[in-house]
Structures are given as structure tokens and as C-alpha cells.
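The data block below is model.txt; it holds compact mmCIF, C-alpha atoms.
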```
# COMPACT_ATOMS: atom_id res chain seq x y z
CA MET A 1 137.75 157.12 108.96
CA SER A 2 139.47 159.63 111.24
CA PHE A 3 142.94 159.68 112.71
CA THR A 4 143.77 160.49 116.31
CA PRO A 5 145.46 163.81 117.10
CA ALA A 6 149.15 164.09 116.33
CA PRO A 7 151.44 162.90 119.13
CA ALA A 8 153.69 165.22 121.02
CA ALA A 9 156.33 166.88 118.91
CA PRO A 10 159.49 164.81 118.49
CA ALA A 11 162.84 166.17 119.49
CA PRO A 12 163.98 168.83 117.04
CA ASP A 13 166.77 168.33 114.60
CA THR A 14 169.68 169.93 116.39
CA ALA A 15 172.19 169.51 113.59
CA ALA A 16 171.47 172.94 112.12
CA PRO A 17 173.94 175.69 112.98
CA PRO A 18 172.66 179.20 113.59
CA SER A 19 172.00 181.37 110.58
CA GLY A 20 174.94 183.41 109.54
CA ALA A 21 176.82 184.49 106.47
CA ALA A 22 175.68 181.37 104.60
CA SER A 23 171.98 182.10 105.21
CA ARG A 24 171.45 183.03 101.54
CA SER A 25 173.13 179.89 100.25
CA PRO A 26 170.83 177.93 97.93
CA TRP A 27 171.82 174.81 99.85
CA ARG A 28 171.10 176.19 103.32
CA SER A 29 168.12 173.87 103.86
CA LEU A 30 170.48 170.89 103.59
CA ARG A 31 172.30 171.87 106.79
CA HIS A 32 169.33 170.28 108.59
CA ARG A 33 169.81 166.53 108.96
CA SER A 34 166.18 165.59 108.32
CA MET A 35 166.09 167.69 105.15
CA ARG A 36 169.10 165.78 103.84
CA TRP A 37 167.32 162.48 104.47
CA TRP A 38 164.13 163.81 102.90
CA SER A 39 166.02 164.95 99.78
CA VAL A 40 167.60 161.51 99.36
CA ALA A 41 164.18 159.88 99.78
CA ASN A 42 162.64 162.24 97.23
CA PHE A 43 165.39 161.50 94.72
CA VAL A 44 164.79 157.77 95.06
CA SER A 45 161.02 158.24 94.79
CA ASN A 46 161.24 160.57 91.78
CA ALA A 47 163.59 158.20 89.97
CA GLY A 48 161.16 155.33 90.57
CA THR A 49 158.15 157.40 89.50
CA TRP A 50 159.74 158.52 86.23
CA MET A 51 160.91 154.98 85.57
CA GLN A 52 157.31 153.79 85.90
CA LEU A 53 155.88 156.65 83.81
CA THR A 54 158.33 155.92 81.01
CA VAL A 55 157.59 152.21 81.08
CA GLN A 56 153.83 152.80 81.35
CA ASN A 57 153.77 154.76 78.08
CA LEU A 58 155.67 151.98 76.37
CA LEU A 59 153.38 149.38 77.92
CA VAL A 60 150.23 151.11 76.67
CA LEU A 61 151.71 151.28 73.18
CA GLN A 62 152.56 147.58 73.41
CA ILE A 63 149.03 146.65 74.52
CA THR A 64 147.05 148.88 72.16
CA GLY A 65 149.47 150.17 69.52
CA SER A 66 147.72 153.54 69.87
CA ALA A 67 149.32 156.88 70.75
CA ALA A 68 145.85 158.17 71.64
CA ALA A 69 145.52 155.44 74.26
CA THR A 70 148.81 156.58 75.78
CA GLY A 71 147.43 160.09 76.13
CA LEU A 72 144.23 158.66 77.62
CA SER A 73 146.15 156.81 80.34
CA MET A 74 147.97 160.01 81.29
CA SER A 75 144.70 161.99 81.37
CA VAL A 76 142.99 159.37 83.52
CA GLN A 77 145.81 159.59 86.05
CA ALA A 78 145.74 163.42 86.04
CA ALA A 79 141.94 163.84 86.09
CA PRO A 80 141.44 163.22 89.86
CA ALA A 81 143.56 166.29 90.59
CA LEU A 82 140.98 168.44 88.82
CA PHE A 83 138.01 167.20 90.84
CA MET A 84 139.38 165.81 94.12
CA SER A 85 142.43 167.91 95.05
CA LEU A 86 140.46 170.06 97.49
CA LEU A 87 139.23 166.94 99.28
CA GLY A 88 142.80 165.64 99.37
CA GLY A 89 144.04 168.93 100.81
CA THR A 90 141.29 168.83 103.43
CA ALA A 91 142.41 165.35 104.45
CA VAL A 92 145.96 166.67 104.87
CA ASP A 93 144.68 169.46 107.14
CA ARG A 94 142.62 167.03 109.24
CA TRP A 95 145.10 164.18 109.71
CA PRO A 96 148.61 163.97 111.21
CA LEU A 97 151.00 164.96 108.43
CA LYS A 98 153.70 162.32 108.85
CA LEU A 99 151.15 159.52 109.16
CA THR A 100 149.24 160.79 106.12
CA ALA A 101 152.39 160.97 103.98
CA ALA A 102 153.56 157.53 105.13
CA VAL A 103 150.19 155.88 104.43
CA SER A 104 149.83 157.51 101.00
CA GLN A 105 153.35 156.47 100.03
CA ALA A 106 152.66 152.90 101.17
CA LEU A 107 149.43 152.84 99.11
CA LEU A 108 151.28 154.07 96.02
CA GLY A 109 153.84 151.34 96.60
CA ALA A 110 151.07 148.72 96.84
CA ILE A 111 149.62 149.93 93.52
CA ALA A 112 153.04 149.67 91.87
CA PHE A 113 153.56 146.13 93.20
CA THR A 114 150.06 145.13 92.06
CA THR A 115 150.80 146.38 88.56
CA ALA A 116 154.15 144.57 88.54
CA THR A 117 152.42 141.32 89.51
CA LEU A 118 149.79 141.67 86.78
CA VAL A 119 152.48 142.41 84.19
CA ALA A 120 154.61 139.45 85.31
CA LEU A 121 151.59 137.11 85.07
CA ASP A 122 150.55 138.62 81.71
CA LEU A 123 147.17 139.59 83.17
CA LEU A 124 147.32 143.35 82.63
CA ASP A 125 144.94 144.70 80.01
CA MET A 126 144.00 148.28 79.14
CA THR A 127 140.99 148.35 81.45
CA SER A 128 142.91 147.27 84.54
CA LEU A 129 145.76 149.64 83.68
CA LEU A 130 143.36 152.59 83.46
CA VAL A 131 141.76 151.62 86.78
CA LEU A 132 145.18 151.46 88.46
CA ALA A 133 146.13 154.80 86.90
CA ALA A 134 142.93 156.39 88.24
CA VAL A 135 143.52 154.99 91.74
CA THR A 136 147.09 156.32 91.60
CA GLY A 137 145.74 159.76 90.71
CA ILE A 138 143.26 159.67 93.60
CA VAL A 139 145.94 158.75 96.15
CA ALA A 140 148.21 161.43 94.72
CA THR A 141 145.64 164.13 95.58
CA VAL A 142 146.50 163.42 99.22
CA ASP A 143 150.14 162.43 98.79
CA ASN A 144 151.30 165.49 96.85
CA PRO A 145 150.29 168.18 99.39
CA ALA A 146 151.24 165.95 102.32
CA CYS A 147 154.80 165.41 101.05
CA ALA A 148 155.21 169.06 100.00
CA LEU A 149 154.18 170.36 103.42
CA LEU A 150 156.14 167.70 105.27
CA GLY A 151 159.35 168.87 103.60
CA ASN A 152 158.62 172.49 104.52
CA ASP A 153 157.94 171.52 108.14
CA LEU A 154 161.50 170.27 108.46
CA VAL A 155 163.17 173.69 108.05
CA PRO A 156 162.66 177.24 109.42
CA ALA A 157 160.42 179.55 107.40
CA GLU A 158 163.38 181.51 106.00
CA ASP A 159 164.81 178.27 104.56
CA VAL A 160 161.59 177.18 102.79
CA PRO A 161 162.65 178.75 99.42
CA SER A 162 165.89 176.77 99.67
CA ALA A 163 163.93 173.58 100.41
CA ILE A 164 161.70 174.22 97.39
CA GLY A 165 164.70 174.95 95.15
CA VAL A 166 166.48 171.81 96.33
CA GLY A 167 163.26 169.90 95.71
CA ALA A 168 163.18 171.19 92.12
CA LEU A 169 166.75 170.04 91.58
CA VAL A 170 165.98 166.66 93.11
CA HIS A 171 162.93 166.34 90.85
CA ASN A 172 164.96 167.08 87.71
CA ALA A 173 167.76 164.74 88.77
CA GLY A 174 165.26 161.98 89.57
CA ARG A 175 163.57 162.50 86.22
CA LEU A 176 166.85 162.11 84.34
CA ALA A 177 167.89 159.07 86.38
CA GLY A 178 164.48 157.39 86.18
CA THR A 179 164.14 157.87 82.44
CA ALA A 180 167.60 156.44 81.87
CA LEU A 181 167.07 153.52 84.25
CA ALA A 182 163.75 152.62 82.63
CA GLY A 183 165.39 151.52 79.39
CA VAL A 184 168.13 149.58 81.17
CA THR A 185 165.69 147.87 83.54
CA VAL A 186 163.28 146.81 80.80
CA ALA A 187 166.14 145.55 78.62
CA PHE A 188 167.70 143.35 81.30
CA LEU A 189 164.92 142.57 83.79
CA GLY A 190 161.62 143.22 82.01
CA THR A 191 158.73 145.65 82.37
CA ALA A 192 157.47 144.18 85.65
CA ALA A 193 160.82 144.94 87.30
CA ALA A 194 160.41 148.66 86.59
CA TYR A 195 157.07 148.74 88.41
CA ALA A 196 158.52 146.70 91.27
CA ALA A 197 161.45 149.11 91.56
CA ASN A 198 159.01 152.00 91.86
CA GLY A 199 157.20 150.10 94.60
CA VAL A 200 160.48 149.70 96.49
CA SER A 201 161.15 153.45 96.13
CA PHE A 202 157.80 154.23 97.80
CA LEU A 203 158.57 151.85 100.64
CA PHE A 204 161.94 153.55 101.12
CA VAL A 205 160.19 156.92 101.57
CA THR A 206 157.70 155.30 103.96
CA ALA A 207 160.59 154.00 106.07
CA VAL A 208 162.35 157.39 106.15
CA ILE A 209 159.31 159.47 107.22
CA PRO A 210 159.22 158.29 110.88
CA LEU A 211 162.89 159.32 111.26
CA LEU A 212 162.32 162.95 110.26
CA ARG A 213 162.59 165.65 112.94
CA PRO A 214 161.78 169.38 112.56
CA ALA A 215 164.64 171.87 112.81
CA PRO A 216 164.49 174.66 115.42
CA GLY A 217 162.12 177.38 114.24
CA ALA A 218 160.33 175.16 111.73
CA ALA A 219 156.61 175.76 111.18
CA ARG A 220 154.47 172.99 112.57
CA HIS A 221 151.46 171.30 110.99
CA ILE A 222 148.64 171.54 113.54
CA VAL A 223 145.97 168.84 113.88
CA ARG A 224 142.96 169.69 116.02
CA ALA A 225 140.80 167.11 117.72
CA GLY A 226 137.05 167.15 118.17
CA ALA A 227 135.83 167.93 114.66
CA GLY A 228 132.11 168.40 114.71
CA ARG A 229 129.44 168.85 112.08
CA GLY A 230 130.46 170.79 109.02
CA GLY A 231 134.12 170.13 109.75
CA LYS A 232 134.34 172.76 112.52
CA THR A 233 136.15 171.87 115.69
CA SER A 234 134.06 171.72 118.82
CA ASP A 235 136.73 173.41 120.97
CA ALA A 236 136.50 176.71 119.06
CA GLY A 237 139.51 175.74 116.98
CA PRO A 238 139.96 176.48 113.27
CA ASP A 239 137.30 175.63 110.71
CA LEU A 240 138.42 172.43 108.97
CA SER A 241 135.72 172.39 106.28
CA VAL A 242 136.32 172.28 102.54
CA ARG A 243 134.39 175.53 102.18
CA GLU A 244 136.78 177.35 104.50
CA GLY A 245 139.72 176.50 102.22
CA LEU A 246 137.92 177.91 99.20
CA ARG A 247 136.83 180.98 101.17
CA TYR A 248 140.35 181.69 102.37
CA PHE A 249 141.81 181.41 98.89
CA ALA A 250 139.13 183.60 97.30
CA ARG A 251 139.43 186.29 99.97
CA ARG A 252 143.24 186.40 99.95
CA PRO A 253 144.20 188.98 97.26
CA ARG A 254 147.81 187.88 97.01
CA LEU A 255 146.80 184.27 96.32
CA VAL A 256 144.23 185.35 93.73
CA ALA A 257 146.90 187.56 92.11
CA LEU A 258 149.37 184.67 92.17
CA ALA A 259 146.79 182.43 90.50
CA ALA A 260 146.14 185.06 87.82
CA VAL A 261 149.84 185.61 87.08
CA THR A 262 150.57 181.89 86.95
CA GLY A 263 147.47 181.20 84.87
CA VAL A 264 148.19 183.73 82.11
CA SER A 265 151.83 182.58 82.05
CA SER A 266 150.83 178.93 81.81
CA VAL A 267 148.34 179.44 78.98
CA PHE A 268 150.28 181.90 76.79
CA GLY A 269 153.84 180.94 77.69
CA ARG A 270 155.91 178.14 79.19
CA ASN A 271 154.64 175.50 76.73
CA TYR A 272 157.98 175.73 74.98
CA GLY A 273 157.96 172.08 74.03
CA LEU A 274 155.18 173.03 71.61
CA THR A 275 155.93 176.60 70.50
CA LEU A 276 159.71 176.34 70.21
CA ALA A 277 159.49 172.97 68.48
CA VAL A 278 157.34 174.51 65.73
CA LEU A 279 159.54 177.63 65.57
CA VAL A 280 162.79 175.66 65.27
CA THR A 281 161.57 173.12 62.74
CA GLY A 282 159.53 175.69 60.78
CA PRO A 283 160.64 179.33 60.36
CA LEU A 284 164.21 178.66 61.57
CA ALA A 285 164.56 175.59 59.31
CA GLY A 286 166.14 173.42 61.99
CA GLY A 287 165.73 169.72 62.55
CA ALA A 288 165.17 167.38 65.48
CA GLY A 289 168.81 167.81 66.50
CA SER A 290 168.41 171.59 66.69
CA PHE A 291 165.34 171.29 68.87
CA GLY A 292 167.23 168.82 71.05
CA THR A 293 169.87 171.49 71.59
CA VAL A 294 167.18 174.02 72.51
CA SER A 295 165.64 171.51 74.94
CA THR A 296 169.02 170.94 76.57
CA VAL A 297 169.53 174.67 77.07
CA LEU A 298 166.05 174.91 78.57
CA ALA A 299 166.91 172.12 81.03
CA VAL A 300 170.18 173.78 82.02
CA GLY A 301 168.39 177.09 82.52
CA GLY A 302 165.79 175.38 84.70
CA ILE A 303 168.49 173.95 86.94
CA LEU A 304 170.30 177.30 87.21
CA GLY A 305 166.99 179.00 87.98
CA ALA A 306 166.22 176.51 90.74
CA VAL A 307 169.60 177.29 92.33
CA LEU A 308 168.98 181.05 92.10
CA GLY A 309 165.43 180.68 93.39
CA ALA A 310 166.71 178.76 96.39
CA ARG A 311 168.68 181.88 97.40
CA LEU A 312 165.48 183.89 97.95
CA ARG A 313 164.74 184.85 101.53
CA ARG A 314 161.32 186.50 101.29
CA PRO A 315 159.58 185.62 98.02
CA SER A 316 156.51 187.69 97.16
CA VAL A 317 153.81 187.89 94.51
CA ARG A 318 155.48 191.07 93.27
CA VAL A 319 158.67 189.10 92.58
CA VAL A 320 156.68 186.39 90.78
CA GLY A 321 154.84 188.98 88.65
CA THR A 322 158.02 190.88 87.77
CA LEU A 323 159.78 187.69 86.69
CA ALA A 324 156.75 186.49 84.73
CA ALA A 325 156.53 189.81 82.88
CA ALA A 326 160.26 189.66 82.12
CA GLY A 327 159.77 186.13 80.82
CA GLY A 328 156.96 187.36 78.59
CA LEU A 329 159.19 190.04 77.06
CA LEU A 330 161.96 187.48 76.52
CA GLN A 331 159.38 185.27 74.82
CA VAL A 332 158.53 188.15 72.46
CA ALA A 333 162.21 188.50 71.58
CA ALA A 334 162.45 184.74 71.04
CA GLY A 335 159.52 184.87 68.64
CA LEU A 336 161.39 187.48 66.60
CA SER A 337 164.68 185.54 66.56
CA PRO A 338 166.27 185.69 63.10
CA SER A 339 168.39 182.58 63.64
CA LEU A 340 168.84 179.52 65.84
CA ALA A 341 171.94 181.06 67.45
CA VAL A 342 169.98 184.10 68.62
CA LEU A 343 167.20 181.85 69.91
CA LEU A 344 169.69 179.82 71.97
CA VAL A 345 170.99 183.03 73.55
CA LEU A 346 167.44 183.95 74.60
CA VAL A 347 166.30 180.50 75.70
CA LEU A 348 168.69 180.31 78.66
CA PRO A 349 167.41 183.45 80.47
CA MET A 350 163.83 182.45 79.60
CA ALA A 351 164.27 179.16 81.43
CA ILE A 352 166.09 180.79 84.36
CA VAL A 353 163.38 183.42 84.85
CA GLU A 354 160.64 180.79 84.66
CA SER A 355 162.35 178.55 87.21
CA VAL A 356 163.02 181.35 89.71
CA SER A 357 159.43 182.55 89.32
CA ASP A 358 158.12 179.03 89.98
CA THR A 359 160.25 178.69 93.13
CA ALA A 360 159.11 182.08 94.44
CA GLY A 361 155.46 181.32 93.69
CA THR A 362 155.59 177.93 95.36
CA ALA A 363 157.20 179.46 98.44
CA VAL A 364 154.43 182.06 98.69
CA LEU A 365 151.75 179.43 98.19
CA GLN A 366 153.12 177.11 100.87
CA THR A 367 153.96 179.74 103.50
CA ASP A 368 151.14 182.30 103.19
CA PRO A 369 148.24 180.26 104.65
CA PRO A 370 148.06 179.46 108.39
CA PRO A 371 149.14 175.89 109.18
CA HIS A 372 145.60 174.52 109.52
CA LEU A 373 144.70 175.73 105.98
CA ARG A 374 147.83 174.90 104.00
CA GLY A 375 146.61 171.53 102.71
CA ARG A 376 143.35 172.96 101.40
CA VAL A 377 145.09 175.91 99.76
CA LEU A 378 147.40 173.48 97.96
CA GLY A 379 144.31 171.49 96.99
CA VAL A 380 142.67 174.55 95.43
CA TRP A 381 145.92 175.33 93.64
CA SER A 382 146.23 171.79 92.31
CA SER A 383 142.72 171.92 90.84
CA ILE A 384 143.44 175.27 89.20
CA GLY A 385 146.80 174.09 87.87
CA THR A 386 145.27 170.93 86.41
CA ALA A 387 142.64 173.01 84.62
CA TRP A 388 145.41 175.20 83.16
CA GLY A 389 147.35 172.11 82.15
CA LEU A 390 144.37 170.66 80.31
CA GLY A 391 143.15 173.90 78.72
CA GLY A 392 146.41 175.70 77.98
CA PRO A 393 147.83 173.55 75.15
CA PRO A 394 144.60 173.55 73.08
CA ALA A 395 144.28 177.34 73.46
CA LEU A 396 147.90 177.83 72.51
CA GLY A 397 147.51 175.45 69.59
CA LEU A 398 144.57 177.50 68.32
CA LEU A 399 146.66 180.66 68.61
CA MET A 400 149.46 179.00 66.64
CA GLU A 401 147.01 177.93 63.95
CA THR A 402 145.88 181.55 63.66
CA ALA A 403 149.13 183.48 64.06
CA GLY A 404 151.87 180.91 63.44
CA ALA A 405 154.72 179.98 65.78
CA ARG A 406 156.31 183.44 65.77
CA GLY A 407 152.96 185.16 66.20
CA ALA A 408 151.97 182.87 69.09
CA LEU A 409 155.21 183.61 70.93
CA VAL A 410 154.97 187.37 70.33
CA VAL A 411 151.26 187.72 71.07
CA GLY A 412 151.49 185.40 74.08
CA GLY A 413 154.46 187.26 75.51
CA LEU A 414 152.76 190.63 75.07
CA LEU A 415 149.59 189.32 76.74
CA ILE A 416 151.61 188.08 79.71
CA ALA A 417 153.61 191.28 80.19
CA GLY A 418 150.65 193.54 79.39
CA SER A 419 148.19 191.86 81.74
CA ILE A 420 150.69 191.81 84.62
CA GLY A 421 151.56 195.48 83.99
CA ALA A 422 147.89 196.46 83.88
CA GLY A 423 147.20 194.56 87.08
CA THR A 424 150.10 196.27 88.84
CA LEU A 425 148.93 199.75 87.79
CA LEU A 426 145.36 198.97 88.88
CA ARG A 427 146.55 197.78 92.28
CA ARG A 428 148.67 200.89 92.80
CA ARG A 429 145.75 203.13 91.86
CA ARG A 430 143.48 201.37 94.32
CA SER A 431 146.12 201.51 97.06
CA ALA A 432 146.65 205.25 96.52
CA ALA A 433 142.94 206.15 96.64
CA PRO A 434 141.91 207.21 100.19
CA VAL A 435 138.75 205.71 101.63
CA ALA A 436 136.51 208.04 103.61
CA VAL A 437 135.40 206.73 107.00
CA GLU A 438 132.60 208.44 108.85
CA ALA A 439 133.67 209.36 112.37
CA LYS A 440 131.25 208.33 115.07
CA ASP A 441 131.70 211.56 116.99
CA MET A 442 129.10 214.18 116.03
CA GLY A 443 130.47 217.06 114.06
CA ALA A 444 133.69 215.29 113.12
CA ALA A 445 134.69 215.35 109.45
CA PRO A 446 135.35 212.13 107.53
CA ARG A 447 138.99 210.97 107.57
CA PRO A 448 140.99 208.60 105.34
CA ALA A 449 141.09 205.02 106.53
CA LEU A 450 144.39 203.34 107.27
CA GLU A 451 145.20 200.61 104.78
CA ALA A 452 146.71 197.22 105.51
CA ALA A 453 150.16 196.61 104.16
CA ALA A 454 150.25 194.46 101.03
```

Using the file provided, produce a representation of the structure as C-alpha cells.
Amino acid sequence: MSFTPAPAAPAPDTAAPPSGAASRSPWRSLRHRSMRWWSVANFVSNAGTWMQLTVQNLLVLQITGSAAATGLSMSVQAAPALFMSLLGGTAVDRWPLKLTAAVSQALLGAIAFTTATLVALDLLDMTSLLVLAAVTGIVATVDNPACALLGNDLVPAEDVPSAIGVGALVHNAGRLAGTALAGVTVAFLGTAAAYAANGVSFLFVTAVIPLLRPAPGAARHIVRAGAGRGGKTSDAGPDLSVREGLRYFARRPRLVALAAVTGVSSVFGRNYGLTLAVLVTGPLAGGAGSFGTVSTVLAVGGILGAVLGARLRRPSVRVVGTLAAAGGLLQVAAGLSPSLAVLLVLVLPMAIVESVSDTAGTAVLQTDPPPHLRGRVLGVWSSIGTAWGLGGPPALGLLMETAGARGALVVGGLLIAGSIGAGTLLRRRRSAAPVAVEAKDMGAAPRPALEAAA
């Protein structure tokens, strides 16, 4: 099935004042009317999603009584991102963005309502739940990049970091609200009501999408007509094939470097729910309450980091690498903490650095590719990130078995900082080395080639 080309651009959102002294405000993206509507819609959707996720875990436990089955349901829902994200990103590049986001949100709503009906009629078993989870994961491979890029298309390029930072805050707020509402909803209205509420949240987003208008200076998602064989447009437009997305990512050094930095950080750091839990309850002789305090500080740091990240104007891979290396060194210090009090002092900047780094990296990822490739680049990234998410915890667990909680934090932090430092030195050495180019004129001596700016 193919969609028709995107209609003429709607009238721009004229509510945004010109950039001025407030241009570095973390909230600057919210001066655009459509971005305010989109943020409200995302909050509602995130609250509904986390309500359903919370209830789904409880429902699987109720059906099977197995914690392993709960993990299986989560893996089944996440697995499509590993294998199908590039196809989902390609669909986003081929189809009109607003229509794609609206249709995917409506489909997710239909899945939620179907699940609610099966639960209400007591017809939901583990097999049907896993099938619905898999279908949700498949639709999400299109919905996630479509909604991410749609939000960025509402604001000028210089406000994209603010939009991403606001999105992170909205995500955290929706997660807190949805988790809290899940218990209340199940207690008073039943499990089916939680799924139905999530369905309503998707329909709300679907209704808001047609009302969104780009602000002046916003990047536009381009849809080309006339796709021919191999995904290439017949009017000499951009190549819309899956292969072109992979080729662009592989040949773009800054994206490869971003993937490397994020990958080493994801595998050997960031999994603080695992490493810090073992450190607090083991060597530091704390209990569940102590780890709860550490988790709260991590959450506060994440929120502060999102606000600081939203102030960025021109994020770069260098900024991401510097912050990731700093986070690695803070992780080393955390591993050597002599007491819980010292650990709490270190946890806050660790969370802030991680959150700012994430915002900067996401901004680079979503603004570096040309418009006709952004969906496929996000698809490649989603596949890579899913692989890290599946492989990181087992690798870290093995390191903890070998070196203990303190050793895992120290060794992991040193690997992060050391690999980023080595990569930076290698890049500088390559940039400084002149490349001889043979002049075509006879008798002319070779001269250094000019290098492209990084």
C-alpha cells in the first residue's frame, strides 16, 4: 500500500515571537502553539502507555504466576524493534508524516481497546496477550520515528534541543502519572479500564495531529512521488530504499562515532538500577529504603539534566563524548564510594550528565540526516539501541560476577572514559595528517589536500 504525496504545507504557526534574549531558555520550544498542543498530547499518551505497561505486568503475573513470563511479554513487544525498525523508518520516509503518525496512533488505540474487550469478557490468555504485544511492537517501529520527527518538524532547527528536552520531561511526568493511575484505576474500575484509558489516550493524540502547524523556519518532512523499482524515485529525487539508509549511516563518521559512544556507555554504564542496587545493598550495607533514596536522586538528576540539555543550541558528537567520558569518571568515583552519603553526592551529577548527553545525542541524530533520510536513520538507531538493551545487562552481569559491584562500576567507567579518549586522540591524529594529492599539471609537486570540517 502506498500513500499519495503530502498535501500543500498548512499555514505556519505564527504564535512564535522572534528569537531574542530568551532563545537559550529550555522552554523556548513551547512558545510555538503547536508544540504546546503536541506536548499535552504526548503527556496524555505517555500516561496511558505507562498505565497499560504497569497493568500488563500485573496481568501476566495473574494469568501465569511466573515472573519469567512477564519478562517474556516485554521481550516479545521489544523484539520487533531489533528486526523491523529499519523498515519502519523507511515507511516514515516514504509516507506523509502527519498521516503516518495519525494512523499508527489509531492502530495502537485499536489494539488497546481490543485487549480491554478481551479482558472484560475474560477471554484473554497468554497466547493472545503475546500476539497483541508483538503487534504493538510492530506498529511502534513506525509510530516511534514518526512521532519523534513530527515533534521536531513543529519548531525551528535551533529549538529542536528544547523540544527534545521538553519531550524527556513529558515522558518522565507521564511515566509517574501513568504508574500512579494504574493502581487507582485497577482498584476502582478494573484491569480492562486501564487498557481502555490507554486506547482513549491514543485517540486523543490522533485527534490533535491534524491541528498541528509548523512554526516559521521549521524543517519540513519531504515526501517524493513516483517511487520506482528499488525504492528510487523516477523524477531523479532522493533514493528511498532501505539500503540507502544503511549506507548513509555507515558512511557518516559522526553518526558512527555517536553510535560507538552511546554503545560503550550503554553496556558498561547507565544500568544503575542493577549496579547501584548491588552496591547499596552489598558493600554499603544499605537496604531497600536506601536504594529507593538513590533511585529518587537519579530521577531528580534526570529531570535537571533534561532541563539543562534543552538549553543547548548546537549539540555535537564532541559534546556527547565529553559528557559520556565525564559520566564514566563519575561512575569510577561512585564505585569507590566509602559510604552511602558520598554515593548520593555523586549520583546527582551522574544522572545530570547522562541526561544532558542523551538530549544532545538525540538532537544530533534527528537533525544530522537530510529530511528524506531521517526516518531510516532513526530506524537504524532503534535496531542498534535494542541490541544494546538486550545485550548490555547480561554483559554487565557477567562483569559483576567477575569483579563485584565496585569492580564493575570502576572497570566500566574506565572503559567508557578510556575508549572515548582514545577515539578522540585517534581522530585528531588523522585530522592533523596531511594527505598528498597528485597535481594534474606536469612538473607540479604534490600538495596537501583540503579537509572537510568535522

>> Calculated over all atoms listed in the file, which of the candidates A:Ala102, A:Ala134, A:Ala110, A:Val142 has the smallest distance to Gly375 (chain A)?
In response: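 So, comparing all the options, the nearest one is A:Val142.
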
>> Rounded to one decimal, what separation in Å do you get between CA of Leu118 (chain A) and CA of Gln77 (chain A)?
In response: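 For CA of Leu118 (chain A) relative to CA of Gln77 (chain A), the distance reads 18.4 Å.
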
> How many Å separate CA of Ala194 (chain A) from CA of Met126 (chain A)?
Replying inline: 18.0 Å

> Smallest atom-to-atom distance to Ala177 (chain A): which of A:Thr322, A:Thr115, A:Gln366, A:Thr49, using only C-alpha atoms?
Replying inline: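 Once distances to Ala177 (chain A) are computed over only C-alpha atoms, the minimum belongs to A:Thr49.
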
>> Please report the interatomic distance between CA of Ser241 (chain A) and CA of Ala91 (chain A) in Å with one decimal.
In response: 9.9 Å

> Near Leu181 (chain A), within 10 Å and counting all atoms listed in the file, which residues show up once chain neighbours fewer than 5 positions away are dropped, as a list of chain:residue names?
Replying inline: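 My list of contacting residues is A:Ala47, A:Gly48, A:Trp50, A:Met51, A:Gln52, A:Thr54, A:Arg175, A:Leu176, A:Val186, A:Ala187, A:Ala194.
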
>> Around (167.3, 178.9, 79.8), as given in the file, which residues come within 8 Å? Count only C-alpha atoms and list them as a PyMOL selection string.
In response: chain A and resi 297-302+346-353

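If you measure from each of A:Leu99, A:Leu414, A:Ala120, A:Ala341 to Pro210 (chain A) using all atoms listed in the file, the closest one turns out to be A:Leu99.
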
>> Under the rule that all atoms listed in the file are counted, which of A:Leu61, A:Ala326, A:Lys98, A:Leu169 is the nearest residue to Gly418 (chain A)?
In response: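 For Gly418 (chain A), the nearest of the given residues is A:Ala326.
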
> Leaving out Val317 (chain A) and any residue of its chain fewer than 6 positions from it, which residues lie within 9 Å of it when counting only C-alpha atoms, given as an NGL selection string?
Replying inline: :A and (254-255 or 257-258 or 261 or 360-361 or 364)

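Proximity of A:Ser265, A:Ser337, A:Asn57, A:Ser162 to Ala324 (chain A), computed with all atoms listed in the file, is greatest for A:Ser265.
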
>> Ranking A:Gln331, A:Thr127, A:Ser295, A:Thr362 by minimum distance to Leu312 (chain A) and counting only C-alpha atoms, which one comes first?
In response: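 Closest candidate: A:Thr362.
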
> What would the list of residues within 12 Å of (160.1, 146.9, 94.6) (file frame) look like as a count of residues only, if all atoms listed in the file are what count?
Replying inline: 29

> Can you list, as a PyMOL selection string, every protein, DNA or RNA residue that comes within 6 Å of Pro26 (chain A) when you count all atoms listed in the file, leaving out same-chain residues fewer than 6 positions away?
Replying inline: chain A and resi 162+307+310-311

>> Which residues are near Val139 (chain A)? Cut-off 9 Å, all atoms listed in the file, ignore same chain within fewer than 3 positions. Put them as a PyMOL selection string.
In response: chain A and resi 80+88+104-105+107-108+134-136+142-144
